[in-house]
file upload36.cif (mmCIF, C-alpha atoms)
data_structure
loop_
_atom_site.label_atom_id
_atom_site.label_comp_id
_atom_site.auth_asym_id
_atom_site.auth_seq_id
_atom_site.Cartn_x
_atom_site.Cartn_y
_atom_site.Cartn_z
CA MET D 1 35.09 2.99 -10.55
CA ILE D 2 31.61 2.06 -11.79
CA LEU D 3 32.44 -1.63 -11.45
CA ARG D 4 33.62 -1.07 -7.89
CA THR D 5 30.41 0.84 -7.05
CA ASN D 6 28.23 -1.92 -8.53
CA ARG D 7 30.17 -4.58 -6.64
CA LYS D 8 29.75 -2.67 -3.39
CA ALA D 9 26.00 -2.28 -3.99
CA ALA D 10 25.68 -6.00 -4.72
CA GLU D 11 27.61 -6.85 -1.56
CA GLN D 12 25.42 -4.56 0.51
CA ALA D 13 22.26 -6.13 -0.95
CA ALA D 14 23.58 -9.59 -0.14
CA ILE D 15 24.52 -8.55 3.42
CA THR D 16 21.05 -7.06 3.88
CA ARG D 17 19.42 -10.36 2.89
CA LEU D 18 21.88 -12.48 4.85
CA ALA D 19 21.20 -10.48 8.02
CA ASP D 20 17.48 -11.24 8.01
CA GLY D 21 17.68 -14.76 6.64
CA SER D 22 16.16 -14.03 3.24
CA ALA D 23 19.34 -14.83 1.26
CA THR D 24 19.32 -17.95 -0.89
CA GLU D 25 21.60 -20.86 -0.04
CA ALA D 26 23.96 -19.94 -2.86
CA GLU D 27 24.12 -16.29 -1.78
CA ARG D 28 24.62 -17.34 1.81
CA ALA D 29 27.56 -19.65 1.06
CA GLN D 30 29.24 -17.11 -1.20
CA LEU D 31 28.83 -14.22 1.21
CA GLU D 32 29.83 -16.14 4.31
CA ALA D 33 33.09 -17.03 2.60
CA ALA D 34 33.61 -13.36 1.70
CA VAL D 35 32.78 -12.27 5.26
CA ALA D 36 35.33 -14.73 6.65
CA ARG D 37 38.01 -13.05 4.52
CA SER D 38 37.03 -9.44 5.17
CA PRO D 39 36.75 -7.84 8.64
CA GLU D 40 35.03 -4.88 6.98
CA LEU D 41 32.23 -7.06 5.59
CA ALA D 42 31.97 -8.90 8.91
CA ALA D 43 31.45 -5.59 10.71
CA GLU D 44 28.79 -4.53 8.21
CA LEU D 45 26.97 -7.83 8.66
CA ALA D 46 27.14 -7.56 12.45
CA GLU D 47 25.66 -4.07 12.26
CA GLN D 48 22.80 -5.23 10.05
CA ARG D 49 22.11 -8.21 12.33
CA ARG D 50 22.11 -5.97 15.37
CA ALA D 51 19.39 -3.74 13.85
CA VAL D 52 17.33 -6.76 12.77
CA ALA D 53 17.57 -8.23 16.30
CA MET D 54 16.55 -4.94 17.89
CA LEU D 55 13.43 -4.70 15.76
CA ALA D 56 12.59 -8.39 16.14
CA SER D 57 12.72 -8.05 19.92
CA LEU D 58 10.07 -5.33 20.13
CA GLU D 59 7.46 -6.61 22.53
CA VAL D 60 5.01 -3.74 22.48
CA GLY D 61 1.40 -4.72 21.93
CA ALA D 62 -1.49 -2.44 21.04
CA PRO D 63 -3.54 -1.25 24.02
CA ALA D 64 -6.66 -3.33 24.68
CA SER D 65 -8.81 -0.27 23.98
CA LEU D 66 -7.37 -0.05 20.47
CA HIS D 67 -8.12 -3.72 19.82
CA GLN D 68 -11.75 -3.00 20.71
CA ARG D 69 -11.94 0.19 18.69
CA VAL D 70 -10.60 -1.22 15.42
CA LEU D 71 -13.55 -3.58 15.25
CA ALA D 72 -16.12 -1.06 16.43
CA PRO D 73 -15.40 2.32 14.86
CA GLU D 74 -16.68 5.29 16.83
CA PRO D 75 -20.08 6.55 15.70
CA ARG D 76 -19.96 9.62 13.52
CA PRO D 77 -20.85 12.85 15.33
CA ALA D 78 -24.50 13.87 15.01
CA ARG D 79 -25.14 16.02 11.99
CA ARG D 80 -26.17 19.61 12.41
CA ARG D 81 -29.89 20.04 11.76
CA PRO D 82 -30.21 21.65 8.32
CA ARG D 83 -31.93 25.01 8.07
CA PRO D 84 -35.18 25.22 6.02
CA THR D 85 -33.40 26.89 3.08
CA SER D 86 -30.70 24.23 2.97
CA ARG D 87 -33.41 21.53 3.16
CA ILE D 88 -35.00 22.91 0.01
CA ALA D 89 -31.59 22.97 -1.67
CA ILE D 90 -30.90 19.35 -0.63
CA VAL D 91 -34.31 18.17 -1.94
CA THR D 92 -33.71 20.00 -5.23
CA VAL D 93 -30.25 18.50 -5.67
CA VAL D 94 -31.55 15.00 -4.87
CA LEU D 95 -34.40 15.35 -7.39
CA ILE D 96 -32.02 16.54 -10.11
CA ALA D 97 -29.60 13.72 -9.32
CA LEU D 98 -32.42 11.15 -9.49
CA LEU D 99 -33.58 12.57 -12.83
CA VAL D 100 -30.09 12.46 -14.32
CA PHE D 101 -29.58 8.98 -12.90
CA ALA D 102 -32.85 7.69 -14.37
CA ILE D 103 -32.04 9.09 -17.81
CA ALA D 104 -28.43 8.02 -17.96
CA ARG D 105 -28.59 4.56 -16.44
CA PRO D 106 -30.56 1.46 -17.42
CA VAL D 107 -32.52 0.23 -14.40
CA GLY D 108 -30.70 -2.41 -12.33
CA HIS D 109 -27.36 -2.23 -14.17
CA ALA D 110 -24.13 -0.31 -14.07
CA ASN D 111 -23.48 2.23 -16.80
CA VAL D 112 -20.50 2.16 -19.16
CA ARG D 113 -19.96 5.89 -18.58
CA SER D 114 -19.60 5.26 -14.82
CA VAL D 115 -17.10 2.50 -15.53
CA VAL D 116 -15.14 4.85 -17.81
CA ALA D 117 -15.07 7.45 -15.01
CA ILE D 118 -13.59 4.85 -12.67
CA ALA D 119 -11.01 3.74 -15.25
CA LEU D 120 -9.92 7.36 -15.68
CA ALA D 121 -9.78 7.98 -11.92
CA THR D 122 -7.14 6.68 -9.48
CA GLY D 123 -7.04 3.68 -7.18
CA ASP D 124 -5.26 3.53 -3.83
CA GLY D 125 -5.41 -0.27 -3.66
CA VAL D 126 -2.19 -2.26 -3.73
CA PRO D 127 -0.91 -2.83 -7.30
CA PRO D 128 -1.67 -6.51 -7.99
CA GLY D 129 1.19 -8.91 -8.55
CA VAL D 130 1.64 -11.54 -11.22
CA SER D 131 -0.49 -14.69 -10.95
CA PRO D 132 1.49 -17.59 -9.49
CA HIS D 133 -0.25 -19.91 -12.00
CA ASP D 134 0.13 -17.96 -15.24
CA HIS D 135 2.77 -15.27 -15.78
CA THR D 136 0.70 -13.66 -18.56
CA LEU D 137 -1.98 -12.76 -15.99
CA LEU D 138 -2.16 -10.82 -12.74
CA GLY D 139 -3.30 -12.37 -9.50
CA VAL D 140 -6.56 -10.43 -9.53
CA ALA D 141 -9.74 -11.38 -11.40
CA ILE D 142 -13.45 -10.85 -11.36
CA ASP D 143 -15.79 -13.74 -12.16
CA ARG D 144 -12.63 -15.66 -13.14
CA VAL D 145 -11.76 -13.10 -15.80
CA ALA D 146 -8.20 -12.18 -14.85
CA PHE D 147 -6.34 -8.99 -15.65
CA PRO D 148 -3.42 -9.26 -18.07
CA ASN D 149 0.23 -8.94 -17.07
CA TRP D 150 1.77 -6.46 -19.51
CA THR D 151 5.20 -6.30 -17.86
CA ALA D 152 6.83 -7.74 -20.99
CA ARG D 153 5.36 -4.81 -22.93
CA GLY D 154 6.76 -2.25 -20.48
CA TRP D 155 3.59 -1.70 -18.46
CA ARG D 156 3.60 -2.24 -14.71
CA THR D 157 0.66 -2.11 -12.31
CA SER D 158 0.41 1.04 -10.21
CA GLY D 159 -2.84 0.67 -8.26
CA SER D 160 -6.25 -0.94 -8.09
CA ARG D 161 -9.75 -0.45 -6.73
CA LEU D 162 -13.03 -2.30 -6.36
CA ASP D 163 -16.36 -0.49 -6.80
CA THR D 164 -19.98 -1.52 -6.87
CA LEU D 165 -22.28 0.09 -9.43
CA GLY D 166 -25.96 -0.83 -9.50
CA GLY D 167 -25.17 -4.05 -7.61
CA GLN D 168 -22.39 -5.07 -10.03
CA HIS D 169 -18.75 -5.23 -8.93
CA VAL D 170 -16.25 -3.33 -11.03
CA GLU D 171 -12.60 -4.28 -10.50
CA THR D 172 -10.07 -1.83 -11.91
CA VAL D 173 -6.31 -2.12 -12.26
CA TYR D 174 -4.14 0.84 -13.20
CA TYR D 175 -1.01 0.40 -15.31
CA THR D 176 1.80 2.84 -16.06
CA ALA D 177 4.56 2.82 -18.66
CA GLU D 178 7.27 5.22 -19.67
CA GLY D 179 5.74 8.03 -21.71
CA TYR D 180 2.20 7.42 -20.45
CA GLU D 181 0.81 8.68 -17.20
CA ARG D 182 -1.73 5.93 -16.53
CA VAL D 183 -4.10 3.49 -18.18
CA GLY D 184 -7.13 2.15 -16.29
CA TYR D 185 -8.44 -1.32 -17.10
CA ALA D 186 -11.89 -2.11 -15.62
CA ILE D 187 -13.79 -5.38 -15.79
CA VAL D 188 -17.45 -5.43 -14.81
CA GLY D 189 -18.70 -8.46 -12.90
CA GLY D 190 -22.04 -10.05 -13.73
CA ALA D 191 -24.03 -9.34 -16.88
CA ALA D 192 -22.45 -7.40 -19.75
CA LEU D 193 -23.47 -3.76 -20.01
CA ARG D 194 -25.40 -2.28 -22.91
CA ILE D 195 -23.09 0.01 -24.89
CA THR D 196 -24.66 3.20 -26.17
CA GLY D 197 -23.10 6.15 -28.01
CA ALA D 198 -20.10 4.08 -29.11
CA ARG D 199 -18.66 3.41 -32.53
CA ARG D 200 -16.87 0.29 -33.66
CA ALA D 201 -13.16 1.11 -33.92
CA ALA D 202 -11.61 -2.24 -34.87
CA THR D 203 -12.03 -5.98 -34.93
CA ARG D 204 -9.12 -8.20 -33.84
CA ALA D 205 -9.34 -11.99 -33.81
CA GLY D 206 -13.13 -11.83 -34.03
CA VAL D 207 -13.47 -9.41 -31.09
CA SER D 208 -15.08 -6.02 -31.72
CA TYR D 209 -13.56 -3.00 -30.00
CA TRP D 210 -15.74 0.06 -29.53
CA THR D 211 -14.62 3.56 -28.72
CA ILE D 212 -16.60 6.11 -26.72
CA PRO D 213 -15.95 9.86 -26.89
CA ASP D 214 -15.09 11.20 -23.42
CA ARG D 215 -13.81 14.80 -23.26
CA GLY D 216 -10.39 14.20 -24.77
CA ALA D 217 -9.75 10.84 -23.12
CA SER D 218 -9.28 7.66 -25.14
CA VAL D 219 -11.78 4.95 -24.24
CA VAL D 220 -12.08 1.44 -25.63
CA THR D 221 -14.68 -1.10 -24.57
CA TRP D 222 -15.14 -4.75 -25.56
CA ARG D 223 -16.30 -8.04 -24.09
CA ARG D 224 -14.21 -10.83 -22.58
CA ASP D 225 -16.01 -14.05 -21.71
CA GLY D 226 -19.31 -12.17 -21.66
CA HIS D 227 -17.99 -9.41 -19.38
CA THR D 228 -17.71 -5.74 -20.25
CA CYS D 229 -14.12 -4.46 -20.22
CA VAL D 230 -13.09 -0.83 -20.41
CA LEU D 231 -9.62 0.51 -21.10
CA ALA D 232 -9.24 4.28 -20.71
CA SER D 233 -6.43 6.81 -20.67
CA ARG D 234 -5.92 10.55 -20.99
CA HIS D 235 -2.57 10.07 -22.74
CA ALA D 236 -2.56 6.85 -24.77
CA SER D 237 -4.23 6.84 -28.17
CA VAL D 238 -7.24 4.67 -29.05
CA SER D 239 -5.08 2.52 -31.32
CA ALA D 240 -2.54 1.99 -28.51
CA LEU D 241 -5.38 0.93 -26.20
CA ILE D 242 -6.78 -1.47 -28.80
CA ALA D 243 -3.33 -3.01 -29.24
CA LEU D 244 -3.11 -3.56 -25.50
CA ALA D 245 -6.68 -4.83 -25.22
CA ALA D 246 -6.08 -7.34 -28.02
CA VAL D 247 -3.28 -8.92 -25.95
CA SER D 248 -5.75 -9.94 -23.27
CA ALA D 249 -8.86 -10.63 -25.33
CA MET B 250 -13.53 -10.23 0.82
CA LEU B 251 -11.60 -8.56 3.65
CA ASP B 252 -12.60 -10.09 6.96
CA PRO B 253 -12.59 -7.53 9.81
CA HIS B 254 -11.81 -10.20 12.43
CA SER B 255 -8.95 -11.56 10.39
CA LEU B 256 -7.58 -8.03 9.87
CA ALA B 257 -7.83 -7.31 13.59
CA ALA B 258 -5.33 -10.11 14.21
CA HIS B 259 -2.70 -7.77 12.75
CA THR B 260 -3.46 -4.91 15.15
CA ASP B 261 -0.35 -5.38 17.34
CA ARG B 262 1.99 -5.46 14.39
CA LEU B 263 0.30 -2.52 12.73
CA TYR B 264 0.47 -0.56 15.98
CA ARG B 265 4.24 -1.08 16.20
CA ALA B 266 4.56 -0.01 12.59
CA ALA B 267 2.44 3.09 13.21
CA TRP B 268 4.45 4.00 16.32
CA ALA B 269 7.70 3.70 14.39
CA LEU B 270 6.20 5.74 11.57
CA CYS B 271 4.93 8.68 13.61
CA GLY B 272 7.13 8.41 16.72
CA SER B 273 4.35 8.60 19.31
CA PRO B 274 2.16 5.87 20.84
CA HIS B 275 -0.85 8.18 20.94
CA ASP B 276 -0.55 9.18 17.30
CA ALA B 277 0.01 5.51 16.50
CA GLU B 278 -3.34 4.58 18.06
CA ASP B 279 -5.13 7.22 16.02
CA LEU B 280 -3.31 6.19 12.86
CA VAL B 281 -4.15 2.49 13.28
CA GLN B 282 -7.78 3.23 14.04
CA GLU B 283 -8.13 5.50 11.03
CA THR B 284 -6.38 2.97 8.80
CA PHE B 285 -8.81 0.23 9.84
CA ALA B 286 -11.78 2.57 9.42
CA ARG B 287 -10.68 3.40 5.86
CA VAL B 288 -9.99 -0.23 4.94
CA LEU B 289 -13.27 -1.51 6.35
CA ALA B 290 -15.27 1.33 4.79
CA ARG B 291 -14.38 0.02 1.33
CA PRO B 292 -14.81 -3.76 1.25
CA ARG B 293 -12.35 -5.31 -1.15
CA ILE B 294 -11.53 -8.71 -2.48
CA LEU B 295 -7.84 -9.54 -2.13
CA ARG B 296 -6.35 -11.90 -4.63
CA GLY B 297 -2.66 -12.63 -5.02
CA GLU B 298 -1.68 -10.36 -2.17
CA ASN B 299 -1.72 -10.75 1.57
CA GLU B 300 -3.67 -8.78 4.11
CA LEU B 301 -0.58 -7.44 5.85
CA ALA B 302 0.81 -5.98 2.64
CA TYR B 303 -2.56 -4.35 1.96
CA LEU B 304 -2.70 -2.96 5.52
CA MET B 305 0.86 -1.62 5.22
CA HIS B 306 -0.09 0.13 2.00
CA ALA B 307 -3.21 1.59 3.65
CA LEU B 308 -1.24 2.63 6.76
CA ARG B 309 1.32 4.49 4.65
CA ASN B 310 -1.38 6.24 2.62
CA THR B 311 -3.30 7.24 5.75
CA PHE B 312 -0.12 8.55 7.37
CA LEU B 313 0.82 10.62 4.33
CA SER B 314 -2.70 11.93 3.87
CA ASP B 315 -3.01 12.88 7.57
CA ARG B 316 0.33 14.64 7.43
CA ARG B 317 -0.74 16.66 4.40
CA LYS B 318 -3.95 17.67 6.19
CA ALA B 319 -2.02 18.57 9.36
CA ALA B 320 0.36 20.74 7.37
CA ARG B 321 -2.62 22.79 6.19
CA ARG B 322 -3.96 23.25 9.74
CA PRO B 323 -2.49 25.66 12.31
CA LEU B 324 -0.74 23.91 15.20
CA ILE B 325 -2.93 24.44 18.28
CA VAL B 326 -1.37 22.52 21.13
CA SER B 327 1.11 19.74 21.63
CA ALA B 328 1.55 17.53 24.67
CA ALA B 329 4.70 17.85 26.74
CA ILE B 330 7.05 14.96 26.09
CA GLU B 331 6.92 13.89 29.75
CA ASP B 332 3.13 13.53 29.52
CA LEU B 333 3.43 10.81 26.93
CA PRO B 334 3.51 7.29 28.29
CA LEU B 335 6.58 5.35 27.24
CA ALA B 336 4.81 2.03 27.10
CA ALA B 337 1.56 0.78 25.72
CA SER B 338 -0.94 -0.01 28.46
CA ASP B 339 -1.11 -3.66 27.54
CA PRO B 340 -0.62 -5.81 30.65
CA ARG B 341 1.32 -8.34 28.55
CA THR B 342 4.03 -5.76 28.06
CA ALA B 343 6.78 -5.56 30.66
CA PRO B 344 7.74 -1.96 31.52
CA GLU B 345 11.46 -2.56 30.79
CA ALA B 346 10.74 -4.05 27.41
CA ALA B 347 8.36 -1.22 26.60
CA LEU B 348 10.95 1.36 27.63
CA ALA B 349 13.55 -0.23 25.39
CA ALA B 350 11.00 -0.57 22.62
CA SER B 351 10.02 3.08 22.90
CA GLU B 352 13.68 4.06 22.39
CA VAL B 353 14.02 1.82 19.36
CA LEU B 354 10.75 3.05 17.85
CA ALA B 355 11.69 6.66 18.56
CA ALA B 356 15.00 6.12 16.76
CA VAL B 357 13.21 4.56 13.79
CA SER B 358 10.84 7.51 13.62
CA GLN B 359 13.86 9.84 13.22
CA LEU B 360 15.04 8.10 10.04
CA ASP B 361 14.40 9.63 6.63
CA GLU B 362 10.89 8.74 5.49
CA SER B 363 11.84 6.46 2.60
CA PHE B 364 14.34 4.54 4.78
CA ARG B 365 11.84 4.40 7.64
CA LEU B 366 9.06 2.96 5.49
CA ALA B 367 11.32 0.24 4.06
CA LEU B 368 12.52 -0.72 7.54
CA ILE B 369 9.00 -0.79 8.95
CA ALA B 370 7.58 -2.83 6.06
CA VAL B 371 10.26 -5.53 6.22
CA ASP B 372 11.64 -5.62 9.77
CA ILE B 373 8.58 -4.60 11.79
CA VAL B 374 5.57 -5.67 9.71
CA GLY B 375 7.43 -8.71 8.34
CA LEU B 376 6.74 -8.36 4.61
CA SER B 377 9.04 -9.94 2.05
CA TYR B 378 11.12 -7.53 -0.03
CA ALA B 379 8.78 -8.04 -3.01
CA GLU B 380 5.66 -7.42 -0.91
CA ALA B 381 7.23 -4.33 0.65
CA ALA B 382 8.13 -3.02 -2.80
CA ARG B 383 4.53 -3.42 -3.98
CA ALA B 384 3.05 -1.95 -0.80
CA LEU B 385 5.33 1.10 -1.01
CA GLY B 386 5.13 1.49 -4.77
CA THR B 387 8.82 1.05 -5.51
CA ARG B 388 11.31 -1.52 -6.83
CA GLU B 389 12.62 -4.44 -4.81
CA ALA B 390 16.21 -3.31 -5.37
CA THR B 391 15.32 0.11 -3.94
CA ILE B 392 13.79 -1.53 -0.87
CA THR B 393 17.02 -3.50 -0.34
CA THR B 394 19.21 -0.40 -0.56
CA ARG B 395 16.97 1.61 1.74
CA LEU B 396 16.80 -1.26 4.20
CA TYR B 397 20.60 -1.50 4.32
CA ARG B 398 20.97 2.21 5.02
CA ALA B 399 18.12 2.30 7.55
CA ARG B 400 19.52 -0.61 9.56
CA GLN B 401 23.01 0.87 9.45
CA ARG B 402 21.79 4.22 10.78
CA LEU B 403 19.61 2.61 13.44
CA ALA B 404 22.39 0.32 14.67
CA ARG B 405 24.83 3.23 14.87
CA GLN B 406 22.34 5.51 16.60
CA LEU B 407 21.54 2.90 19.24
CA ALA B 408 25.05 1.52 19.58
CA PRO B 409 26.08 0.70 23.16
CA THR B 410 28.22 3.38 24.82
CA ASP B 411 30.36 1.08 26.98
CA ARG B 412 33.41 3.30 26.49
CA GLU B 413 31.89 5.92 28.78
CA GLY B 414 30.87 3.31 31.32
CA THR B 415 27.14 3.55 30.71
CA THR B 416 24.82 0.67 30.04
CA PRO B 417 23.68 -0.10 26.51
CA THR B 418 20.76 2.02 25.40
CA VAL B 419 18.67 -0.95 24.39
CA ARG B 420 18.49 -4.39 25.93
CA LEU B 421 17.86 -7.12 23.47
CA ARG B 422 15.86 -10.23 24.16
CA ASP B 423 18.39 -12.57 22.57
CA GLU B 424 21.62 -10.97 23.69
#

call {"tool": "encode", "arguments": {"input": "upload36.cif", "output": "structure tokens"}}
result
Amino acid sequence: MILRTNRKAAEQAAITRLADGSATEAERAQLEAAVARSPELAAELAEQRRAVAMLASLEVGAPASLHQRVLAPEPRPARRRPRPTSRIAIVTVVLIALLVFAIARPVGHANVRSVVAIALATGDGVPPGVSPHDHTLLGVAIDRVAFPNWTARGWRTSGSRLDTLGGQHVETVYYTAEGYERVGYAIVGGAALRITGARRAATRAGVSYWTIPDRGASVVTWRRDGHTCVLASRHASVSALIALAAVSA
Amino acid sequence: MLDPHSLAAHTDRLYRAAWALCGSPHDAEDLVQETFARVLARPRILRGENELAYLMHALRNTFLSDRRKAARRPLIVSAAIEDLPLAASDPRTAPEAALAASEVLAAVSQLDESFRLALIAVDIVGLSYAEAARALGTREATITTRLYRARQRLARQLAPTDREGTTPTVRLRDE
């Protein structure tokens, strides 16, 4: 019964690919022979091809007004004039934010804490695929420092994002694996960041890995080719993160 | 870095995808415009992925996020179905083709969401199965299964009704 179900699923997958031309030559030859023998398969293929043809024949274009609008987004509506009390509140908040910013962040550079916050956040960017040139790496990099492909270790990419902190790009890729919700791997472009409040957790192959306390999250930071890297997770342990980081260092 | 002019070249395809996703040309316009606004508001360097796959991912996220917001808002007014134009106002589009297209897109919009997204990503946007899987956050095998089911349902829903002496619901360019 299971064998029959698997065979049916495989046939359906092959018919799906044959209908839109994405089947390989070998699949095509094998399936065409099967279709010639089975009226049932032939009917399924005809049905799939009919749907593909219907969708391929859609000739609707976007209205000209939409073409114009996508390149010139509508201006935001004018903001309501703030009342005097809310002005005072805004000025106070801005002053406090500037004070905190000046204390926490070295002038002209991103801050490791900000990078950690990004690595622990989420990214709605497309999960990057494997590099076509090196299967141990992903097809995304910053300053030629590429992200690792951990598929062989059971980790797949689940999202990505690009941020700019203090004029430095921070590329982040999120990975997930069974048993862990998410791990964020951030690489900071440009000059390496100064690490403060960290303690050395381990040294692997001459690379020092530092850990930073962050409200229950595990955070590891190190340098790759002169760039600051951060690996952070709310579920994985520091030692698990170091083991992963050592793969790519 | 994402180039706005290069992205704009995908507007027609994205519009068809949006129409199939939400079932209305008006909503499709809003959805495409919002998708572009979101994508262009956060400049991004794409490596190892194509722009269309990225736009499909952004379109899906915008659609889902808008739907969640709409579910939290009270429904105020909805246009009568006869007020909605069947065709896009593009002069390149023949009225007959647009009419047929509107029926096909309406049928797609009635499919279950997971089937609909797979069908749109592969058969309307033109992504490969692997790209569609990445854009929709699922496995390639799942995309294949969903695609099979979605095409089957669409073909059956829009099957010609010659038996009753009526003309086929949809005229195809190549048939």

call {"tool": "atom_distance", "arguments": {"input": "upload36.cif", "atom1": "atom CA of D:Leu193", "atom2": "atom CA of D:Asn111"}}
result
6.8 Å

call {"tool": "residues_around", "arguments": {"input": "upload36.cif", "residues": "B:Tyr264", "least_positions_apart": "3", "cutoff": "12 Å", "atoms": "only C-alpha atoms", "output": "ChimeraX atom specification"}}
result
/D:58-64,66-67,70 /B:257-261,267-285,304-305,308,337,354,369,373-374

call {"tool": "residues_near_point", "arguments": {"input": "upload36.cif", "point": "(27.4, -6.4, -2.8)", "cutoff": "12 Å", "atoms": "all atoms listed in the file", "output": "list in words"}}
result
Leu3, Arg4, Thr5, Asn6, Arg7, Lys8, Ala9, Ala10, Glu11, Gln12, Ala13, Ala14, Ile15, Thr16, Arg17, Leu18, Glu27, Gln30, Leu31, Ala34, Val35, Leu41, Glu44 and Leu45 of chain D; Ala390, Thr393, Thr394 and Tyr397 of chain B

call {"tool": "axis_aligned_box", "arguments": {"input": "upload36.cif", "around": "stretch 393-410 of chain B", "padding_each_side": "4 Å", "output": "JSON"}}
result
{"center_x": 22.5, "center_y": 1.0, "center_z": 12.1, "size_x": 19.4, "size_y": 17.0, "size_z": 33.4}

call {"tool": "residues_near_point", "arguments": {"input": "upload36.cif", "point": "(8.0, -5.7, -22.2)", "cutoff": "12 Å", "atoms": "all atoms listed in the file", "output": "ChimeraX atom specification"}}
result
/D:136,149-156,177-178,244

call {"tool": "atom_distance", "arguments": {"input": "upload36.cif", "atom1": "atom CA of B:Asp315", "atom2": "atom CA of D:Leu165"}}
result
28.7 Å
